[in-house]
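Colleague: This is the structure I have questions about; it appears just below.
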Amino acid sequence: MKPKFTIKPSISLEKNFTNLWQLLQKLTRGLYVILGVWLIFTTITLVFASSRPVDAFFVLGGSISRETYVAQQAKQYPQTPILISHGSPDPCIRLIFQAELAELQNVWLEDCANSTFENFYYGIPILRHWGVHKVMLITSPSHLPRALWMAKILLGAHGIWVEPEIVQELGIPGNNESWSKTGLDLTRSLFWAILSQIIQPQCSNITRLTEVDMQAWEHRGFHCEHQGGVGS
């Protein structure tokens, strides 16, 4: 006698697959709704932020000319906090501010970043902690358009309006821009714009400019870019 085969297992499997597919569709629609609401809210926040005064200076390290520029700004706006992300050696920055007779109290040095992407990676949590809504981004032509696009994506995702200030560099820039480099940084910036809503990296190497120990640095020795007009 031939055994009888049943099609019930295959029907059950098909039903489970259909239920799973319907669940995934509902989750996808839900994510689209959440993303849409977030984009609308962020856009409204940016519109309001754009009309506010600058409440922080954010300097992307890489040229001592940018630090000289922000020191000049510090004289005009001594109450506005300044974040310098992996710039010149700490004593060089202090000497620049002292030469400009600029306020040191509201200047912080972040020395964890090793790339433009990491400037934002470590800088955004600090700016958010300060409650910043509009930031003056200080960079140079040699970092464009990559740095500005990254700023608009990453800072904009947190409702922070970006006002760029492009400072001319002296001499030959140390970095080389390319479309492949720009494409890579913009791609990971898009992903990080979402992940950074819940992940807040903390830099363990943040120094207030007033706390830079000049005697220790002089004993250890340091070198500043000659364009800054300061020395060890």
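Chain labels follow the order of the structure tokens: the first chain is A, the next B, and so on; residue numbering restarts at 1 in every chain, and ligands are counted from 1 in their shown order.
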Residues at most 10 Å from His143 in chain A, counting only C-alpha atoms, excluding those fewer than 2 positions away in the same chain, as number ranges by chain?

Modeller: A: 60, 62, 116, 139-141, 145-148, 166, 173, 175-177, 182

Colleague: Generate a file of the selected residues that holds C-alpha atoms, formatted as a PDB file, in the first residue's frame.

Modeller:
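And here is the file that came out, out.pdb:
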ATOM      1  CA  LEU A  60      38.079  71.789  11.967  1.00  0.00           C
ATOM      2  CA  GLY A  62      44.307  71.158   9.870  1.00  0.00           C
ATOM      3  CA  THR A 116      37.267  65.186   9.126  1.00  0.00           C
ATOM      4  CA  THR A 139      37.499  75.375   7.613  1.00  0.00           C
ATOM      5  CA  SER A 140      39.561  76.073   4.478  1.00  0.00           C
ATOM      6  CA  PRO A 141      39.128  75.781   0.695  1.00  0.00           C
ATOM      7  CA  PRO A 145      33.106  70.815  -0.659  1.00  0.00           C
ATOM      8  CA  ARG A 146      33.469  67.648   1.443  1.00  0.00           C
ATOM      9  CA  ALA A 147      33.650  69.241   4.903  1.00  0.00           C
ATOM     10  CA  LEU A 148      30.708  71.570   4.256  1.00  0.00           C
ATOM     11  CA  ILE A 166      36.192  79.664   4.739  1.00  0.00           C
ATOM     12  CA  PRO A 173      47.776  72.265   1.955  1.00  0.00           C
ATOM     13  CA  ASN A 175      45.581  67.074   2.372  1.00  0.00           C
ATOM     14  CA  ASN A 176      44.338  66.102  -1.068  1.00  0.00           C
ATOM     15  CA  GLU A 177      40.635  66.030  -1.877  1.00  0.00           C
ATOM     16  CA  THR A 182      34.243  62.722  -0.689  1.00  0.00           C
TER      17      THR A 182
END

Colleague: Just want the 9 Å neighbourhood of Arg94 in chain A, counted on only C-alpha atoms, with same-chain residues fewer than 3 positions away dropped. Output as a ChimeraX atom specification.

Modeller: /A:89-91,97-99,104,209-210,212,214

Colleague: Please, which residues of range 53-97 of chain A, numbered as in this document, come out strand (DSSP E or B) from DSSP, as a PDB file with N, CA and C atoms, in the first residue's frame?

Modeller:
ATOM      1  N   ALA A  56      28.098  79.154  18.762  1.00  0.00           N
ATOM      2  CA  ALA A  56      29.342  78.402  18.960  1.00  0.00           C
ATOM      3  C   ALA A  56      30.187  78.491  17.694  1.00  0.00           C
ATOM      4  N   PHE A  57      31.500  78.474  17.894  1.00  0.00           N
ATOM      5  CA  PHE A  57      32.439  78.367  16.786  1.00  0.00           C
ATOM      6  C   PHE A  57      32.997  76.943  16.797  1.00  0.00           C
ATOM      7  N   PHE A  58      32.995  76.306  15.626  1.00  0.00           N
ATOM      8  CA  PHE A  58      33.502  74.936  15.512  1.00  0.00           C
ATOM      9  C   PHE A  58      34.619  74.943  14.469  1.00  0.00           C
ATOM     10  N   VAL A  59      35.843  74.707  14.934  1.00  0.00           N
ATOM     11  CA  VAL A  59      37.019  74.781  14.066  1.00  0.00           C
ATOM     12  C   VAL A  59      37.482  73.364  13.719  1.00  0.00           C
ATOM     13  N   LEU A  60      37.529  73.059  12.420  1.00  0.00           N
ATOM     14  CA  LEU A  60      38.079  71.789  11.967  1.00  0.00           C
ATOM     15  C   LEU A  60      39.587  71.934  11.881  1.00  0.00           C
ATOM     16  N   ILE A  82      34.012  78.133  21.926  1.00  0.00           N
ATOM     17  CA  ILE A  82      34.791  77.717  20.764  1.00  0.00           C
ATOM     18  C   ILE A  82      35.255  76.283  20.969  1.00  0.00           C
ATOM     19  N   LEU A  83      35.015  75.452  19.972  1.00  0.00           N
ATOM     20  CA  LEU A  83      35.506  74.072  19.993  1.00  0.00           C
ATOM     21  C   LEU A  83      36.473  73.890  18.829  1.00  0.00           C
ATOM     22  N   ILE A  84      37.721  73.573  19.146  1.00  0.00           N
ATOM     23  CA  ILE A  84      38.742  73.325  18.121  1.00  0.00           C
ATOM     24  C   ILE A  84      39.009  71.824  18.099  1.00  0.00           C
ATOM     25  N   SER A  85      38.679  71.195  16.983  1.00  0.00           N
ATOM     26  CA  SER A  85      38.794  69.738  16.875  1.00  0.00           C
ATOM     27  C   SER A  85      40.127  69.342  16.251  1.00  0.00           C
TER      28      SER A  85
END

Colleague: Return the single residue from A:Ile40, A:Cys92, A:Ala151, A:Leu144 that is closest to Glu118 in chain A, with distances computed using only C-alpha atoms.

Modeller: A:Ala151

Colleague: What is the CA of Arg52 in chain A-CA of His129 in chain A distance in Å, reported with one decimal?

Modeller: 18.1 Å
